[in-house]
Amino acid sequence: MAKNVIKIELPTTSIEFKIGKKTYTLSLADKSRARINKKYSDITKFEDDKGDSTQLVIHRYQDAIDEIEKEKDARELTDNPMTKTEEFEKRQKMIAKFQKEADKNANELDVHTKKSAVEFLDYLFGDGTGEELYGLVDQNTIALSKIIFQIMTEFNRENDIYQYRDTYMKKLASVSTAKDE
């Protein structure tokens, strides 16, 4: 017969989230932490890439405006200075060109974010949840992304194996110290 019995606490197998007026349960019994983090990473990677792409469009726009300024300055002392109308038209052309690119990036981001966020929420909480939450935030992908960020923050906090290990080791140390006294 065993001299000592070691009591093992069972870790949490589900996490509940109150979103709006409803409570959603994330069952960890059938999902791996790595898979959930991978799916979330796929969402954020695309968002980061599109954000970087939009920043590049903005930088190229600023460079194009700088070129108009340089041309204006260079032509200032010639027989053919740039008129205000010509400068205005060149600027408007650049605005239209780069606005079109920025709008395309924003649209692609919105479509991808909605699709991937809805699929992700369906994976976490069950089919239909993604569309339900998307409707709850008035079909706002930014608000939906914020909800997902909060879910992932809590998910990772609840599943932090290192914190769990440290807490358990401290508990063992305090038991050992108590036995020694």
# chains A, B, ... in the order shown; residues from 1 in each chain; ligands from 1
$ residues_around --residues "Leu26 in chain A" --least-positions-apart "2" --cutoff "7 Å" --atoms "only C-alpha atoms" --output "number ranges by chain"
A: 14-16, 24, 28, 124-125
$ closest_atom_pairs --of "range 6-45 of chain A" --to "range 127-133 of chain A" --cutoff "12 Å" --atoms "only C-alpha atoms" --output "Markdown table"
| residue | atom | partner | partner_atom | distance |
| --- | --- | --- | --- | --- |
| A:Lys18 | CA | A:Leu133 | CA | 11.6 |
| A:Ile19 | CA | A:Leu133 | CA | 8.3 |
| A:Gly20 | CA | A:Leu133 | CA | 8.9 |
| A:Lys21 | CA | A:Leu133 | CA | 11.1 |
| A:Lys22 | CA | A:Leu133 | CA | 10.1 |
| A:Thr23 | CA | A:Thr129 | CA | 11.3 |
| A:Tyr24 | CA | A:Thr129 | CA | 8.8 |
| A:Thr25 | CA | A:Thr129 | CA | 10.8 |
| A:Leu26 | CA | A:Thr129 | CA | 11.4 |
$ write_last_selection --atoms "N, CA and C atoms" --output "JSON list (two decimals), in the first residue's frame"
[["chain", "number", "residue", "atom", "x", "y", "z"],
["A", 18, "LYS", "N", -18.27, 35.81, -21.21],
["A", 18, "LYS", "CA", -19.54, 36.54, -21.30],
["A", 18, "LYS", "C", -19.32, 37.65, -22.32],
["A", 19, "ILE", "N", -20.01, 37.54, -23.44],
["A", 19, "ILE", "CA", -19.90, 38.51, -24.52],
["A", 19, "ILE", "C", -21.30, 39.03, -24.78],
["A", 20, "GLY", "N", -21.46, 40.32, -24.54],
["A", 20, "GLY", "CA", -22.81, 40.88, -24.61],
["A", 20, "GLY", "C", -23.63, 40.30, -23.48],
["A", 21, "LYS", "N", -24.80, 39.78, -23.81],
["A", 21, "LYS", "CA", -25.69, 39.22, -22.79],
["A", 21, "LYS", "C", -25.63, 37.69, -22.74],
["A", 22, "LYS", "N", -24.72, 37.12, -23.51],
["A", 22, "LYS", "CA", -24.66, 35.67, -23.62],
["A", 22, "LYS", "C", -23.31, 35.14, -23.14],
["A", 23, "THR", "N", -23.31, 33.93, -22.63],
["A", 23, "THR", "CA", -22.08, 33.28, -22.20],
["A", 23, "THR", "C", -21.71, 32.20, -23.22],
["A", 24, "TYR", "N", -20.47, 32.25, -23.67],
["A", 24, "TYR", "CA", -19.96, 31.29, -24.64],
["A", 24, "TYR", "C", -18.91, 30.42, -23.94],
["A", 25, "THR", "N", -18.95, 29.12, -24.21],
["A", 25, "THR", "CA", -18.03, 28.20, -23.58],
["A", 25, "THR", "C", -17.05, 27.66, -24.61],
["A", 26, "LEU", "N", -15.78, 27.82, -24.29],
["A", 26, "LEU", "CA", -14.70, 27.27, -25.12],
["A", 26, "LEU", "C", -14.28, 25.96, -24.47]]
$ residues_around --residues "Ile147 in chain A" --least-positions-apart "3" --cutoff "10 Å" --atoms "only C-alpha atoms" --output "list in words"
Ile19, Ala117, Leu121, Leu133, Tyr134, Val137, Thr141, Ile142, Ala143, Leu144, Gln150, Ile151, Met152 and Thr153 of chain A
$ residues_around --residues "range 38-55 of chain A" --least-positions-apart "2" --cutoff "7 Å" --atoms "only C-alpha atoms" --output "PDB file with all heavy atoms, in the first residue's frame"
ATOM      1  N   ALA A  34      -2.020  24.659 -29.313  1.00  0.00           N
ATOM      2  CA  ALA A  34      -1.197  25.025 -30.471  1.00  0.00           C
ATOM      3  C   ALA A  34      -2.065  25.329 -31.686  1.00  0.00           C
ATOM      4  O   ALA A  34      -1.803  26.292 -32.416  1.00  0.00           O
ATOM      5  CB  ALA A  34      -0.226  23.895 -30.790  1.00  0.00           C
ATOM      6  N   ARG A  35      -3.096  24.557 -31.896  1.00  0.00           N
ATOM      7  CA  ARG A  35      -3.970  24.776 -33.060  1.00  0.00           C
ATOM      8  C   ARG A  35      -4.736  26.088 -32.930  1.00  0.00           C
ATOM      9  O   ARG A  35      -4.872  26.828 -33.903  1.00  0.00           O
ATOM     10  CB  ARG A  35      -4.928  23.606 -33.216  1.00  0.00           C
ATOM     11  CG  ARG A  35      -5.735  23.697 -34.477  1.00  0.00           C
ATOM     12  CD  ARG A  35      -6.532  22.447 -34.659  1.00  0.00           C
ATOM     13  NE  ARG A  35      -6.541  22.147 -36.068  1.00  0.00           N
ATOM     14  CZ  ARG A  35      -7.296  21.241 -36.597  1.00  0.00           C
ATOM     15  NH1 ARG A  35      -8.062  20.495 -35.845  1.00  0.00           N
ATOM     16  NH2 ARG A  35      -7.273  21.035 -37.897  1.00  0.00           N
ATOM     17  N   ILE A  36      -5.235  26.374 -31.746  1.00  0.00           N
ATOM     18  CA  ILE A  36      -5.947  27.640 -31.527  1.00  0.00           C
ATOM     19  C   ILE A  36      -4.997  28.807 -31.763  1.00  0.00           C
ATOM     20  O   ILE A  36      -5.334  29.764 -32.469  1.00  0.00           O
ATOM     21  CB  ILE A  36      -6.562  27.684 -30.107  1.00  0.00           C
ATOM     22  CG1 ILE A  36      -7.715  26.694 -30.007  1.00  0.00           C
ATOM     23  CG2 ILE A  36      -7.034  29.101 -29.770  1.00  0.00           C
ATOM     24  CD1 ILE A  36      -8.275  26.511 -28.606  1.00  0.00           C
ATOM     25  N   VAL A  57       1.957  51.977 -49.223  1.00  0.00           N
ATOM     26  CA  VAL A  57       1.190  52.836 -50.136  1.00  0.00           C
ATOM     27  C   VAL A  57       1.273  54.283 -49.665  1.00  0.00           C
ATOM     28  O   VAL A  57       1.506  55.200 -50.461  1.00  0.00           O
ATOM     29  CB  VAL A  57      -0.285  52.365 -50.235  1.00  0.00           C
ATOM     30  CG1 VAL A  57      -1.141  53.389 -50.983  1.00  0.00           C
ATOM     31  CG2 VAL A  57      -0.378  51.006 -50.913  1.00  0.00           C
ATOM     32  N   ILE A  58       1.134  54.494 -48.377  1.00  0.00           N
ATOM     33  CA  ILE A  58       1.186  55.852 -47.825  1.00  0.00           C
ATOM     34  C   ILE A  58       2.576  56.462 -48.045  1.00  0.00           C
ATOM     35  O   ILE A  58       2.690  57.634 -48.430  1.00  0.00           O
ATOM     36  CB  ILE A  58       0.807  55.844 -46.328  1.00  0.00           C
ATOM     37  CG1 ILE A  58      -0.678  55.513 -46.177  1.00  0.00           C
ATOM     38  CG2 ILE A  58       1.146  57.176 -45.663  1.00  0.00           C
ATOM     39  CD1 ILE A  58      -1.111  55.195 -44.769  1.00  0.00           C
ATOM     40  N   HIS A  59       3.617  55.677 -47.833  1.00  0.00           N
ATOM     41  CA  HIS A  59       4.983  56.182 -48.067  1.00  0.00           C
ATOM     42  C   HIS A  59       5.207  56.519 -49.539  1.00  0.00           C
ATOM     43  O   HIS A  59       5.819  57.546 -49.856  1.00  0.00           O
ATOM     44  CB  HIS A  59       6.032  55.168 -47.590  1.00  0.00           C
ATOM     45  CG  HIS A  59       6.146  55.075 -46.104  1.00  0.00           C
ATOM     46  ND1 HIS A  59       6.542  56.126 -45.313  1.00  0.00           N
ATOM     47  CD2 HIS A  59       5.895  54.041 -45.261  1.00  0.00           C
ATOM     48  CE1 HIS A  59       6.528  55.751 -44.044  1.00  0.00           C
ATOM     49  NE2 HIS A  59       6.136  54.497 -43.985  1.00  0.00           N
ATOM     50  N   ALA A 102      -5.081  52.139 -51.441  1.00  0.00           N
ATOM     51  CA  ALA A 102      -5.375  52.035 -50.002  1.00  0.00           C
ATOM     52  C   ALA A 102      -6.766  51.446 -49.782  1.00  0.00           C
ATOM     53  O   ALA A 102      -6.963  50.605 -48.894  1.00  0.00           O
ATOM     54  CB  ALA A 102      -5.253  53.399 -49.341  1.00  0.00           C
ATOM     55  N   ASN A 105      -6.629  47.686 -50.417  1.00  0.00           N
ATOM     56  CA  ASN A 105      -6.042  46.996 -49.260  1.00  0.00           C
ATOM     57  C   ASN A 105      -7.043  46.905 -48.112  1.00  0.00           C
ATOM     58  O   ASN A 105      -7.175  45.863 -47.475  1.00  0.00           O
ATOM     59  CB  ASN A 105      -4.789  47.718 -48.772  1.00  0.00           C
ATOM     60  CG  ASN A 105      -3.568  47.361 -49.562  1.00  0.00           C
ATOM     61  OD1 ASN A 105      -3.578  46.439 -50.365  1.00  0.00           O
ATOM     62  ND2 ASN A 105      -2.504  48.106 -49.359  1.00  0.00           N
ATOM     63  N   LEU A 109      -8.564  43.488 -46.565  1.00  0.00           N
ATOM     64  CA  LEU A 109      -8.399  43.239 -45.138  1.00  0.00           C
ATOM     65  C   LEU A 109      -9.750  42.986 -44.475  1.00  0.00           C
ATOM     66  O   LEU A 109      -9.904  42.053 -43.695  1.00  0.00           O
ATOM     67  CB  LEU A 109      -7.692  44.415 -44.465  1.00  0.00           C
ATOM     68  CG  LEU A 109      -7.488  44.307 -42.960  1.00  0.00           C
ATOM     69  CD1 LEU A 109      -6.669  43.076 -42.608  1.00  0.00           C
ATOM     70  CD2 LEU A 109      -6.818  45.558 -42.429  1.00  0.00           C
ATOM     71  N   THR A 113     -10.586  39.519 -42.862  1.00  0.00           N
ATOM     72  CA  THR A 113     -10.780  39.536 -41.408  1.00  0.00           C
ATOM     73  C   THR A 113     -12.144  38.977 -41.040  1.00  0.00           C
ATOM     74  O   THR A 113     -12.263  38.164 -40.124  1.00  0.00           O
ATOM     75  CB  THR A 113     -10.607  40.960 -40.848  1.00  0.00           C
ATOM     76  OG1 THR A 113      -9.287  41.405 -41.138  1.00  0.00           O
ATOM     77  CG2 THR A 113     -10.836  41.002 -39.352  1.00  0.00           C
ATOM     78  N   SER A 116     -12.085  35.078 -41.792  1.00  0.00           N
ATOM     79  CA  SER A 116     -11.234  34.310 -40.874  1.00  0.00           C
ATOM     80  C   SER A 116     -11.704  34.441 -39.430  1.00  0.00           C
ATOM     81  O   SER A 116     -11.635  33.478 -38.664  1.00  0.00           O
ATOM     82  CB  SER A 116      -9.772  34.717 -41.016  1.00  0.00           C
ATOM     83  OG  SER A 116      -9.597  36.082 -40.744  1.00  0.00           O
ATOM     84  N   PHE A 120     -12.880  31.380 -37.171  1.00  0.00           N
ATOM     85  CA  PHE A 120     -12.165  31.165 -35.913  1.00  0.00           C
ATOM     86  C   PHE A 120     -13.142  31.057 -34.739  1.00  0.00           C
ATOM     87  O   PHE A 120     -13.035  30.148 -33.911  1.00  0.00           O
ATOM     88  CB  PHE A 120     -11.184  32.319 -35.691  1.00  0.00           C
ATOM     89  CG  PHE A 120     -10.361  32.190 -34.446  1.00  0.00           C
ATOM     90  CD1 PHE A 120      -9.385  31.216 -34.330  1.00  0.00           C
ATOM     91  CD2 PHE A 120     -10.540  33.069 -33.389  1.00  0.00           C
ATOM     92  CE1 PHE A 120      -8.608  31.102 -33.180  1.00  0.00           C
ATOM     93  CE2 PHE A 120      -9.779  32.966 -32.236  1.00  0.00           C
ATOM     94  CZ  PHE A 120      -8.812  31.977 -32.134  1.00  0.00           C
TER      95      PHE A 120
END
$ select_by_dssp --residues "range 12-174 of chain A" --states "helix (DSSP H, G or I)" --output "JSON, numbers by chain"
{"A": [33, 34, 35, 36, 37, 38, 39, 40, 41, 42, 43, 44, 45, 46, 47, 48, 49, 50, 51, 52, 53, 54, 55, 56, 57, 58, 59, 60, 61, 62, 63, 64, 65, 66, 67, 68, 69, 70, 71, 72, 73, 74, 75, 76, 84, 85, 86, 87, 88, 89, 90, 91, 92, 93, 94, 95, 96, 97, 98, 99, 100, 101, 102, 103, 104, 105, 106, 107, 108, 109, 110, 111, 112, 113, 114, 115, 116, 117, 118, 119, 120, 121, 122, 123, 124, 125, 129, 130, 131, 132, 133, 134, 135, 136, 141, 142, 143, 144, 145, 146, 147, 148, 149, 150, 151, 152, 153, 154, 155, 156, 157, 158, 161, 162, 163, 164, 165, 166, 167, 168, 169, 170, 171, 172, 173, 174]}
$ closest_residue --among "A:His112, A:Tyr168, A:Gly135, A:Lys97" --to "Lys7 in chain A" --atoms "only C-alpha atoms"
A:Tyr168
$ atom_distance --atom1 "CA of Glu119 in chain A" --atom2 "CA of Pro11 in chain A"
26.8 Å
$ atom_distance --atom1 "CA of Ser27 in chain A" --atom2 "CA of Arg165 in chain A"
21.7 Å
$ decode --residues "range 142-154 of chain A" --atoms "all heavy atoms" --output "short mmCIF file (atom, residue, chain, number, x, y, z; two decimals), in the first residue's frame"
data_model
loop_
_atom_site.label_atom_id
_atom_site.label_comp_id
_atom_site.auth_asym_id
_atom_site.auth_seq_id
_atom_site.Cartn_x
_atom_site.Cartn_y
_atom_site.Cartn_z
N ILE A 142 -13.42 45.51 -37.03
CA ILE A 142 -12.47 46.00 -36.02
C ILE A 142 -12.95 45.58 -34.62
O ILE A 142 -12.17 45.07 -33.82
CB ILE A 142 -12.28 47.52 -36.12
CG1 ILE A 142 -11.59 47.86 -37.44
CG2 ILE A 142 -11.47 48.05 -34.94
CD1 ILE A 142 -11.55 49.34 -37.77
N ALA A 143 -14.24 45.78 -34.36
CA ALA A 143 -14.79 45.38 -33.06
C ALA A 143 -14.69 43.86 -32.88
O ALA A 143 -14.36 43.37 -31.79
CB ALA A 143 -16.24 45.83 -32.94
N LEU A 144 -14.93 43.11 -33.97
CA LEU A 144 -14.82 41.65 -33.90
C LEU A 144 -13.38 41.23 -33.60
O LEU A 144 -13.14 40.34 -32.78
CB LEU A 144 -15.30 41.03 -35.22
CG LEU A 144 -15.60 39.55 -35.20
CD1 LEU A 144 -16.70 39.21 -34.20
CD2 LEU A 144 -16.00 39.08 -36.60
N SER A 145 -12.43 41.92 -34.20
CA SER A 145 -11.01 41.63 -33.94
C SER A 145 -10.66 41.92 -32.48
O SER A 145 -9.86 41.20 -31.88
CB SER A 145 -10.11 42.47 -34.85
OG SER A 145 -10.25 42.06 -36.19
N LYS A 146 -11.24 42.96 -31.92
CA LYS A 146 -10.99 43.29 -30.51
C LYS A 146 -11.54 42.20 -29.59
O LYS A 146 -10.90 41.85 -28.58
CB LYS A 146 -11.58 44.65 -30.16
CG LYS A 146 -10.82 45.80 -30.79
CD LYS A 146 -11.45 47.14 -30.45
CE LYS A 146 -10.67 48.29 -31.07
NZ LYS A 146 -11.27 49.59 -30.75
N ILE A 147 -12.70 41.67 -29.93
CA ILE A 147 -13.28 40.58 -29.13
C ILE A 147 -12.35 39.37 -29.18
O ILE A 147 -12.05 38.75 -28.16
CB ILE A 147 -14.69 40.21 -29.63
CG1 ILE A 147 -15.68 41.31 -29.25
CG2 ILE A 147 -15.15 38.86 -29.06
CD1 ILE A 147 -17.06 41.14 -29.85
N ILE A 148 -11.88 39.04 -30.38
CA ILE A 148 -10.99 37.90 -30.53
C ILE A 148 -9.70 38.11 -29.76
O ILE A 148 -9.19 37.19 -29.11
CB ILE A 148 -10.72 37.61 -32.03
CG1 ILE A 148 -12.00 37.07 -32.67
CG2 ILE A 148 -9.57 36.63 -32.21
CD1 ILE A 148 -11.93 36.92 -34.17
N PHE A 149 -9.16 39.33 -29.81
CA PHE A 149 -7.95 39.63 -29.04
C PHE A 149 -8.18 39.38 -27.55
O PHE A 149 -7.35 38.77 -26.87
CB PHE A 149 -7.52 41.08 -29.28
CG PHE A 149 -6.38 41.51 -28.39
CD1 PHE A 149 -5.08 41.09 -28.66
CD2 PHE A 149 -6.61 42.30 -27.27
CE1 PHE A 149 -4.03 41.46 -27.83
CE2 PHE A 149 -5.57 42.67 -26.44
CZ PHE A 149 -4.28 42.26 -26.71
N GLN A 150 -9.31 39.83 -27.02
CA GLN A 150 -9.61 39.62 -25.60
C GLN A 150 -9.76 38.13 -25.29
O GLN A 150 -9.28 37.65 -24.25
CB GLN A 150 -10.88 40.37 -25.21
CG GLN A 150 -10.70 41.88 -25.22
CD GLN A 150 -12.00 42.59 -24.91
OE1 GLN A 150 -12.60 42.36 -23.87
NE2 GLN A 150 -12.43 43.46 -25.81
N ILE A 151 -10.42 37.41 -26.18
CA ILE A 151 -10.58 35.96 -25.99
C ILE A 151 -9.21 35.29 -25.94
O ILE A 151 -8.93 34.48 -25.05
CB ILE A 151 -11.44 35.34 -27.12
CG1 ILE A 151 -12.91 35.78 -26.96
CG2 ILE A 151 -11.33 33.82 -27.13
CD1 ILE A 151 -13.78 35.47 -28.16
N MET A 152 -8.35 35.64 -26.87
CA MET A 152 -7.03 35.02 -26.93
C MET A 152 -6.17 35.40 -25.73
O MET A 152 -5.40 34.57 -25.23
CB MET A 152 -6.31 35.38 -28.24
CG MET A 152 -6.91 34.69 -29.44
SD MET A 152 -7.01 32.89 -29.27
CE MET A 152 -5.27 32.47 -29.15
N THR A 153 -6.30 36.62 -25.26
CA THR A 153 -5.55 37.04 -24.07
C THR A 153 -5.95 36.18 -22.88
O THR A 153 -5.10 35.66 -22.16
CB THR A 153 -5.78 38.53 -23.79
OG1 THR A 153 -5.35 39.28 -24.92
CG2 THR A 153 -5.03 38.98 -22.55
N GLU A 154 -7.25 36.01 -22.70
CA GLU A 154 -7.74 35.19 -21.58
C GLU A 154 -7.42 33.71 -21.79
O GLU A 154 -7.05 33.01 -20.85
CB GLU A 154 -9.24 35.38 -21.39
CG GLU A 154 -9.60 36.73 -20.82
CD GLU A 154 -8.90 37.01 -19.49
OE1 GLU A 154 -8.89 36.13 -18.60
OE2 GLU A 154 -8.35 38.11 -19.34
#
